[in-house]
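Asker: Just one file: input_26.cif, with mmCIF, C-alpha atoms.
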data_start
loop_
_atom_site.label_atom_id
_atom_site.label_comp_id
_atom_site.auth_asym_id
_atom_site.auth_seq_id
_atom_site.Cartn_x
_atom_site.Cartn_y
_atom_site.Cartn_z
CA GLY X 228 103.51 90.99 83.88
CA GLN X 229 101.66 90.18 87.04
CA GLN X 230 98.95 92.60 88.09
CA LEU X 231 97.16 92.68 91.39
CA ASN X 232 93.82 94.45 91.67
CA GLN X 233 93.23 95.72 95.17
CA SER X 234 89.92 97.10 96.38
CA PRO X 235 88.57 99.33 97.62
CA GLN X 236 90.98 102.14 96.79
CA SER X 237 90.03 103.97 99.97
CA MET X 238 87.80 103.55 102.99
CA PHE X 239 86.45 106.04 105.52
CA ILE X 240 85.10 104.34 108.63
CA GLN X 241 84.16 105.08 112.21
CA GLU X 242 86.25 103.80 115.08
CA GLY X 243 84.98 100.40 116.20
CA GLU X 244 83.76 99.30 112.76
CA ASP X 245 85.07 96.24 110.96
CA VAL X 246 86.99 96.59 107.70
CA SER X 247 87.32 94.27 104.71
CA MET X 248 89.56 94.61 101.70
CA ASN X 249 90.65 92.21 98.99
CA CYS X 250 93.14 91.55 96.29
CA THR X 251 92.60 89.62 93.07
CA SER X 252 94.70 88.49 90.14
CA SER X 253 94.30 86.60 86.91
CA SER X 254 97.34 84.50 87.85
CA ILE X 255 97.77 81.78 90.45
CA PHE X 256 100.18 82.47 93.30
CA ASN X 257 101.76 80.39 96.05
CA THR X 258 102.06 83.24 98.54
CA TRP X 259 99.97 86.20 99.59
CA LEU X 260 101.38 88.88 101.87
CA TRP X 261 99.65 91.81 103.53
CA TYR X 262 101.57 94.95 104.47
CA LYS X 263 100.69 98.24 106.16
CA GLN X 264 102.53 101.44 105.37
CA ASP X 265 102.44 104.59 107.49
CA PRO X 266 103.34 107.95 105.88
CA GLY X 267 107.06 108.34 105.23
CA GLU X 268 107.89 104.83 106.39
CA GLY X 269 108.51 101.46 104.82
CA PRO X 270 105.79 98.80 104.61
CA VAL X 271 105.45 96.54 107.64
CA LEU X 272 104.56 92.89 107.14
CA LEU X 273 101.23 92.05 108.81
CA ILE X 274 100.37 88.54 107.66
CA ALA X 275 101.89 85.96 105.30
CA LEU X 276 99.79 83.19 103.71
CA TYR X 277 101.25 80.11 102.03
CA LYS X 278 98.42 77.64 101.45
CA ALA X 279 95.17 77.87 99.51
CA GLY X 280 92.29 78.21 101.96
CA GLU X 281 94.61 79.23 104.81
CA LEU X 282 93.09 81.59 107.38
CA THR X 283 95.59 83.41 109.60
CA SER X 284 95.09 85.95 112.36
CA ASN X 285 97.36 88.57 113.87
CA GLY X 286 95.51 90.26 116.70
CA ARG X 287 92.50 92.05 115.23
CA LEU X 288 93.66 91.26 111.70
CA THR X 289 92.58 88.16 109.81
CA ALA X 290 93.65 87.26 106.29
CA GLN X 291 92.64 84.43 104.00
CA PHE X 292 94.31 82.82 101.00
CA GLY X 293 91.58 82.22 98.43
CA ILE X 294 90.76 78.66 97.38
CA THR X 295 91.40 79.51 93.72
CA ARG X 296 94.85 80.89 94.70
CA LYS X 297 93.97 84.00 92.71
CA ASP X 298 92.76 86.15 95.57
CA SER X 299 93.19 87.09 99.20
CA PHE X 300 91.21 88.99 101.80
CA LEU X 301 92.16 91.06 104.82
CA ASN X 302 89.73 91.88 107.62
CA ILE X 303 90.29 94.26 110.51
CA SER X 304 87.90 93.99 113.42
CA ALA X 305 86.96 96.79 115.81
CA SER X 306 89.10 99.41 114.08
CA ILE X 307 91.04 101.98 116.12
CA PRO X 308 92.65 105.28 115.05
CA SER X 309 96.13 103.75 114.74
CA ASP X 310 94.83 101.44 112.00
CA VAL X 311 95.04 104.45 109.68
CA GLY X 312 97.45 103.90 106.82
CA ILE X 313 97.82 102.26 103.45
CA TYR X 314 97.35 98.52 103.21
CA PHE X 315 99.05 96.64 100.41
CA CYS X 316 98.59 93.10 99.27
CA GLY X 317 101.54 91.42 97.63
CA THR X 318 102.66 88.19 96.08
CA SER X 319 106.19 86.91 96.20
CA TYR X 320 108.41 84.63 94.26
CA GLY X 321 111.71 86.32 94.84
CA LYS X 322 110.45 89.76 93.97
CA LEU X 323 107.37 91.24 95.55
CA THR X 324 104.55 92.49 93.38
CA PHE X 325 102.20 94.89 95.16
CA GLY X 326 98.62 95.91 94.67
CA GLN X 327 97.74 99.60 94.36
CA GLY X 328 96.93 99.86 98.04
CA THR X 329 93.84 100.62 100.13
CA ILE X 330 93.92 103.91 102.03
CA LEU X 331 92.18 103.49 105.38
CA THR X 332 90.92 106.45 107.36
CA VAL X 333 89.40 105.89 110.79
CA HIS X 334 87.30 108.63 112.36
CA PRO X 335 87.30 108.69 116.18
CA ASP S 151 117.77 92.63 117.00
CA ALA S 152 118.27 95.47 114.51
CA GLY S 153 115.84 95.60 111.65
CA VAL S 154 116.60 96.81 108.16
CA THR S 155 118.42 100.14 108.16
CA GLN S 156 118.87 102.57 105.29
CA SER S 157 120.93 105.69 104.77
CA PRO S 158 120.62 108.51 104.17
CA THR S 159 117.05 109.32 105.25
CA HIS S 160 116.64 112.15 102.77
CA LEU S 161 118.66 113.30 99.78
CA ILE S 162 118.39 116.16 97.31
CA LYS S 163 120.21 115.90 93.99
CA THR S 164 120.29 117.78 90.71
CA ARG S 165 119.42 116.32 87.32
CA GLY S 166 122.35 114.50 85.76
CA GLN S 167 124.04 113.74 89.06
CA GLN S 168 124.69 110.31 90.50
CA VAL S 169 123.47 108.96 93.85
CA THR S 170 124.32 106.01 96.10
CA LEU S 171 121.88 104.66 98.67
CA ARG S 172 122.82 102.15 101.34
CA CYS S 173 121.05 99.31 103.12
CA SER S 174 121.90 96.94 105.96
CA PRO S 175 119.69 93.88 106.13
CA LYS S 176 117.99 92.45 109.18
CA SER S 177 120.21 90.19 111.25
CA GLY S 178 120.22 86.66 109.80
CA HIS S 179 119.05 87.75 106.34
CA ASP S 180 121.18 87.22 103.26
CA THR S 181 119.05 88.62 100.44
CA VAL S 182 118.43 92.27 99.68
CA SER S 183 115.84 93.69 97.30
CA TRP S 184 115.38 97.30 96.24
CA TYR S 185 112.10 99.00 95.40
CA GLN S 186 111.08 102.41 94.10
CA GLN S 187 107.88 103.94 95.42
CA ALA S 188 106.48 106.99 93.70
CA LEU S 189 104.02 109.14 95.60
CA GLY S 190 100.61 107.51 95.86
CA GLN S 191 101.70 104.20 94.37
CA GLY S 192 102.83 100.80 95.55
CA PRO S 193 106.52 99.88 95.58
CA GLN S 194 108.00 98.75 92.26
CA PHE S 195 110.70 96.09 92.22
CA ILE S 196 114.10 97.27 90.96
CA PHE S 197 116.40 94.29 91.59
CA GLN S 198 117.47 91.68 94.10
CA TYR S 199 120.90 90.62 95.34
CA TYR S 200 121.93 87.30 96.82
CA GLU S 201 125.45 85.98 97.27
CA GLU S 202 126.77 89.30 95.94
CA GLU S 203 125.10 88.85 92.57
CA GLU S 204 122.04 90.41 90.96
CA ARG S 205 119.49 87.58 90.79
CA GLN S 206 116.35 89.26 89.49
CA ARG S 207 115.65 92.61 87.88
CA GLY S 208 112.51 94.62 87.30
CA ASN S 209 111.77 97.01 84.43
CA PHE S 210 114.35 99.64 85.29
CA PRO S 211 117.04 101.04 82.96
CA ASP S 212 120.73 100.32 83.29
CA ARG S 213 121.15 103.68 85.05
CA PHE S 214 120.06 101.73 88.11
CA SER S 215 122.77 99.44 89.39
CA GLY S 216 123.62 97.80 92.67
CA HIS S 217 126.07 95.89 94.71
CA GLN S 218 126.02 93.49 97.62
CA PHE S 219 128.92 93.14 100.00
CA PRO S 220 130.17 90.02 101.82
CA ASN S 221 128.40 91.18 105.00
CA TYR S 222 125.11 91.16 102.99
CA SER S 223 124.72 94.96 103.03
CA SER S 224 123.87 96.55 99.72
CA GLU S 225 124.08 99.73 97.71
CA LEU S 226 121.79 101.13 95.04
CA ASN S 227 123.39 103.47 92.50
CA VAL S 228 121.48 105.67 90.11
CA ASN S 229 123.36 107.52 87.37
CA ALA S 230 122.28 110.49 85.24
CA LEU S 231 119.40 111.35 87.55
CA LEU S 232 116.10 112.43 86.02
CA LEU S 233 113.29 114.39 87.65
CA GLY S 234 111.20 111.23 87.45
CA ASP S 235 113.63 109.40 89.71
CA SER S 236 112.27 111.36 92.67
CA ALA S 237 110.73 108.76 94.95
CA LEU S 238 111.02 106.80 98.17
CA TYR S 239 113.62 104.05 97.70
CA LEU S 240 112.98 101.04 99.87
CA CYS S 241 115.29 98.21 100.76
CA ALA S 242 113.88 94.88 101.87
CA SER S 243 115.75 91.93 103.30
CA SER S 244 114.87 88.27 103.51
CA SER S 245 116.36 84.85 104.07
CA ARG S 246 116.37 82.30 101.30
CA THR S 247 114.67 79.04 102.06
CA SER S 248 116.25 75.88 100.80
CA GLY S 249 115.54 75.58 97.11
CA GLY S 250 114.63 79.24 96.84
CA GLY S 251 111.10 80.35 96.15
CA THR S 252 108.72 82.48 98.13
CA TYR S 253 109.73 84.14 101.36
CA GLU S 254 108.80 87.09 103.52
CA GLN S 255 110.50 90.41 103.03
CA TYR S 256 111.09 93.04 105.71
CA PHE S 257 111.42 96.67 104.71
CA GLY S 258 113.59 99.49 105.92
CA PRO S 259 112.25 103.03 106.46
CA GLY S 260 113.40 104.13 103.00
CA THR S 261 115.43 106.97 101.54
CA ARG S 262 113.49 109.92 100.17
CA LEU S 263 115.26 111.11 97.00
CA THR S 264 114.34 114.44 95.48
CA VAL S 265 115.77 115.37 92.08
CA THR S 266 115.59 119.05 91.14
#
In structure tokens, write the structure found in this file.
Answerer:
Amino acid sequence: GQQLNQSPQSMFIQEGEDVSMNCTSSSIFNTWLWYKQDPGEGPVLLIALYKAGELTSNGRLTAQFGITRKDSFLNISASIPSDVGIYFCGTSYGKLTFGQGTILTVHP
Amino acid sequence: DAGVTQSPTHLIKTRGQQVTLRCSPKSGHDTVSWYQQALGQGPQFIFQYYEEEERQRGNFPDRFSGHQFPNYSSELNVNALLLGDSALYLCASSSRTSGGGTYEQYFGPGTRLTVT
């Protein structure tokens, strides 16, 4: 089945730093989605991408749909403590397939 | 505008018992998907309901079954519970685009099931 490889597995950064994470696959997809999950809660949709090469921003978050359609990137600029959580990439055609997640810790 | 709601929030069951979890989709959504999330892992797709029928299914045994009602709400039933069924069960709702295909899914807060 589909497998998404998300990296890094975890990140420890200082408040104010920028963050980059990515997701790759051996398969081509038509959609890339980025979610954030806080402890004990459901994932919250951050950004949805539908076209190869598409670059979309949501506040301090920017995500890109890779040209090859096999990867996607999420950047967070000027991180703040509330950015802490687990970030998941996902692809969707009916069902969502998730990456393993990137655990982000932000030190004040 | 109410988002996706799930009940109950937490549940403790014994091995061999049966459990029913409930989900109400976001207003305007007609499709409900269920996911199982074990601790430290990403959500795994169980199945999806649209027009009161199961449309897609992940790699879960027949002990996992579901239902969708005319008002689009949904139930997840798990029979003969095993210790390994302990997890966060997430419901996600979405709206089908014309012709089907990819679409965004919005998650509820989940139901934490513990099997002892």
Asker: Which residues would end up in the selection if the PyMOL selection byres ((chain S) within 8 of (chain X)) were applied here, given that I need the answer as an mmCIF file with C-alpha atoms, keeping the file's coordinate frame?
Answerer:
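What ended up in part25.cif:
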data_model
loop_
_atom_site.group_PDB
_atom_site.id
_atom_site.type_symbol
_atom_site.label_atom_id
_atom_site.label_comp_id
_atom_site.auth_asym_id
_atom_site.auth_seq_id
_atom_site.Cartn_x
_atom_site.Cartn_y
_atom_site.Cartn_z
ATOM 1 C CA SER S 183 115.840 93.690 97.300
ATOM 2 C CA GLN S 191 101.700 104.200 94.370
ATOM 3 C CA GLY S 192 102.830 100.800 95.550
ATOM 4 C CA PRO S 193 106.520 99.880 95.580
ATOM 5 C CA GLN S 194 108.000 98.750 92.260
ATOM 6 C CA PHE S 195 110.700 96.090 92.220
ATOM 7 C CA PHE S 197 116.400 94.290 91.590
ATOM 8 C CA GLN S 198 117.470 91.680 94.100
ATOM 9 C CA GLN S 206 116.350 89.260 89.490
ATOM 10 C CA LEU S 240 112.980 101.040 99.870
ATOM 11 C CA GLY S 250 114.630 79.240 96.840
ATOM 12 C CA GLY S 251 111.100 80.350 96.150
ATOM 13 C CA THR S 252 108.720 82.480 98.130
ATOM 14 C CA TYR S 253 109.730 84.140 101.360
ATOM 15 C CA GLU S 254 108.800 87.090 103.520
ATOM 16 C CA GLN S 255 110.500 90.410 103.030
ATOM 17 C CA TYR S 256 111.090 93.040 105.710
ATOM 18 C CA PHE S 257 111.420 96.670 104.710
ATOM 19 C CA GLY S 258 113.590 99.490 105.920
ATOM 20 C CA PRO S 259 112.250 103.030 106.460
ATOM 21 C CA GLY S 260 113.400 104.130 103.000
#
Asker: So that I can check the surroundings of Glu201 of chain S, please list as a list in words every protein, DNA and RNA residue that reaches within 8 Å of it, counting only C-alpha atoms and ignoring chain neighbours fewer than 4 positions away.
Answerer: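 Final neighbour list, sorted by chain and number: Asp180, Thr181, Gln218, Pro220 and Tyr222 of chain S.
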Asker: Could you work out how far atom CA of Ile294 of chain X lies from atom CA of Glu281 of chain X, giving the answer in Å with one decimal?
Answerer: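 Between these atoms lies a distance of 8.4 Å.
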Asker: For Arg165 of chain S, please output as an NGL selection string all residues within 9 Å (counting only C-alpha atoms; exclusion window: fewer than 6 positions along the same chain).
Answerer: :S and (230-233 or 265-266)
Asker: Which one is closest to Ser234 of chain X: X:Leu273, X:Ala305, X:Trp261, X:Thr329? Count all atoms listed in the file.
Answerer: X:Thr329
Asker: For the structure shown, which residues end up in the PyMOL selection byres ((chain X and resi 288) around 8)? Put them as a list in words, please?
Answerer: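 When the PyMOL selection byres ((chain X and resi 288) around 8) is applied to the shown file, the picked residues are Ser284, Asn285, Gly286, Arg287, Thr289, Ala290, Leu301, Asn302, Ile303 and Ser304 of chain X.
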Asker: Once the PyMOL selection byres ((chain X and resi 250) around 8) has been applied to the shown file, what residues remain in the selection, as a list in words?
Answerer: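 What the PyMOL selection byres ((chain X and resi 250) around 8) grabs from the file is Leu231, Asn232, Gln233, Ser234, Met248, Asn249, Thr251, Ser252, Asp298, Ser299, Phe300, Cys316 and Gly326 of chain X.
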Asker: Go ahead and compute the interatomic distance for atom CA of Thr332 of chain X and atom CA of Glu244 of chain X, in Å to one decimal.
Answerer: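 Going from atom CA of Thr332 of chain X over to atom CA of Glu244 of chain X covers 11.5 Å.
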Asker: What lies within 10 Å of Ser177 of chain S using only C-alpha atoms, ignoring chain neighbours under 4 positions off, as a ChimeraX atom specification?
Answerer: /S:151-154,222,243-245
Asker: Out of S:Leu161, S:Val169, S:Leu263, S:Val182, which residue has the shortest atom-to-atom distance to Ser224 of chain S when counting only C-alpha atoms?
Answerer: S:Val182
Asker: Record the distance separating atom CA of Asn227 of chain S and atom CA of Thr155 of chain S, expressed in Å with one decimal.
Answerer: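 These two atoms are separated by 16.8 Å.
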Asker: Let me make sure I understand: among X:Lys297, X:Lys278, X:Lys263, X:His334, which one has the smallest atom-to-atom distance to Met238 of chain X if we use all atoms listed in the file?
Answerer: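 Closest to Met238 of chain X of all the choices is X:His334.
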Asker: Go ahead and fit an axis-aligned box to every listed atom of segment 181-195 of chain S plus 8 Å each side, and pass me the centre and edge lengths in Å, one decimal, as AutoDock Vina command-line options.
Answerer:
--center_x 109.8 --center_y 98.9 --center_z 96.3 --size_x 34.4 --size_y 36.5 --size_z 24.2
Asker: Some atoms are absent from segment 235-246 of chain X, so rebuild all heavy atoms and return them as a CSV table (one decimal), in the frame of the given file.
Answerer:
chain,number,residue,atom,x,y,z
X,235,PRO,N,88.8,98.1,98.3
X,235,PRO,CA,88.6,99.3,97.6
X,235,PRO,C,89.8,100.2,97.6
X,235,PRO,O,90.8,99.8,98.3
X,235,PRO,CB,87.5,100.0,98.5
X,235,PRO,CG,87.8,99.5,99.8
X,235,PRO,CD,88.2,98.1,99.7
X,236,GLN,N,89.8,101.3,96.8
X,236,GLN,CA,91.0,102.1,96.8
X,236,GLN,C,91.1,102.9,98.1
X,236,GLN,O,92.2,103.2,98.5
X,236,GLN,CB,90.9,103.1,95.6
X,236,GLN,CG,91.1,102.5,94.3
X,236,GLN,CD,91.2,103.6,93.2
X,236,GLN,OE1,90.5,104.6,93.2
X,236,GLN,NE2,92.0,103.3,92.2
X,237,SER,N,90.0,103.3,98.7
X,237,SER,CA,90.0,104.0,100.0
X,237,SER,C,88.8,103.7,100.8
X,237,SER,O,87.7,103.3,100.2
X,237,SER,CB,90.1,105.5,99.7
X,237,SER,OG,89.0,106.0,99.0
X,238,MET,N,88.9,103.8,102.1
X,238,MET,CA,87.8,103.6,103.0
X,238,MET,C,87.8,104.6,104.1
X,238,MET,O,88.9,104.9,104.6
X,238,MET,CB,87.9,102.2,103.6
X,238,MET,CG,88.0,101.0,102.6
X,238,MET,SD,88.0,99.4,103.5
X,238,MET,CE,86.4,99.3,104.1
X,239,PHE,N,86.6,105.1,104.4
X,239,PHE,CA,86.4,106.0,105.5
X,239,PHE,C,85.5,105.4,106.5
X,239,PHE,O,84.3,105.2,106.2
X,239,PHE,CB,85.9,107.4,105.0
X,239,PHE,CG,86.8,108.1,104.1
X,239,PHE,CD1,86.8,107.7,102.7
X,239,PHE,CD2,87.7,109.0,104.5
X,239,PHE,CE1,87.6,108.4,101.8
X,239,PHE,CE2,88.6,109.7,103.6
X,239,PHE,CZ,88.5,109.3,102.2
X,240,ILE,N,86.0,105.1,107.7
X,240,ILE,CA,85.1,104.3,108.6
X,240,ILE,C,85.2,105.0,110.0
X,240,ILE,O,86.0,105.8,110.3
X,240,ILE,CB,85.5,102.9,108.8
X,240,ILE,CG1,86.9,102.8,109.3
X,240,ILE,CG2,85.4,102.2,107.4
X,240,ILE,CD1,87.3,101.4,109.7
X,241,GLN,N,84.2,104.6,110.8
X,241,GLN,CA,84.2,105.1,112.2
X,241,GLN,C,84.9,104.1,113.1
X,241,GLN,O,84.9,102.9,112.8
X,241,GLN,CB,82.7,105.2,112.7
X,241,GLN,CG,81.9,106.2,112.0
X,241,GLN,CD,82.3,107.7,112.4
X,241,GLN,OE1,82.8,107.9,113.5
X,241,GLN,NE2,82.2,108.6,111.4
X,242,GLU,N,85.6,104.6,114.1
X,242,GLU,CA,86.2,103.8,115.1
X,242,GLU,C,85.3,102.7,115.6
X,242,GLU,O,84.1,103.0,115.9
X,242,GLU,CB,86.8,104.7,116.2
X,242,GLU,CG,87.6,103.9,117.3
X,242,GLU,CD,88.1,104.8,118.4
X,242,GLU,OE1,87.9,106.0,118.3
X,242,GLU,OE2,88.8,104.3,119.3
X,243,GLY,N,85.8,101.5,115.7
X,243,GLY,CA,85.0,100.4,116.2
X,243,GLY,C,84.4,99.5,115.1
X,243,GLY,O,83.9,98.4,115.4
X,244,GLU,N,84.3,100.1,113.9
X,244,GLU,CA,83.8,99.3,112.8
X,244,GLU,C,84.8,98.3,112.3
X,244,GLU,O,86.0,98.4,112.5
X,244,GLU,CB,83.4,100.2,111.6
X,244,GLU,CG,82.2,101.1,111.9
X,244,GLU,CD,81.8,102.0,110.7
X,244,GLU,OE1,82.6,101.9,109.7
X,244,GLU,OE2,80.8,102.7,110.7
X,245,ASP,N,84.2,97.2,111.6
X,245,ASP,CA,85.1,96.2,111.0
X,245,ASP,C,85.4,96.7,109.5
X,245,ASP,O,84.6,97.4,108.9
X,245,ASP,CB,84.4,94.9,110.9
X,245,ASP,CG,84.1,94.3,112.3
X,245,ASP,OD1,84.8,94.8,113.3
X,245,ASP,OD2,83.3,93.4,112.5
X,246,VAL,N,86.5,96.2,109.0
X,246,VAL,CA,87.0,96.6,107.7
X,246,VAL,C,87.3,95.3,106.9
X,246,VAL,O,87.9,94.4,107.4
X,246,VAL,CB,88.3,97.4,107.8
X,246,VAL,CG1,88.9,97.7,106.4
X,246,VAL,CG2,88.0,98.7,108.5
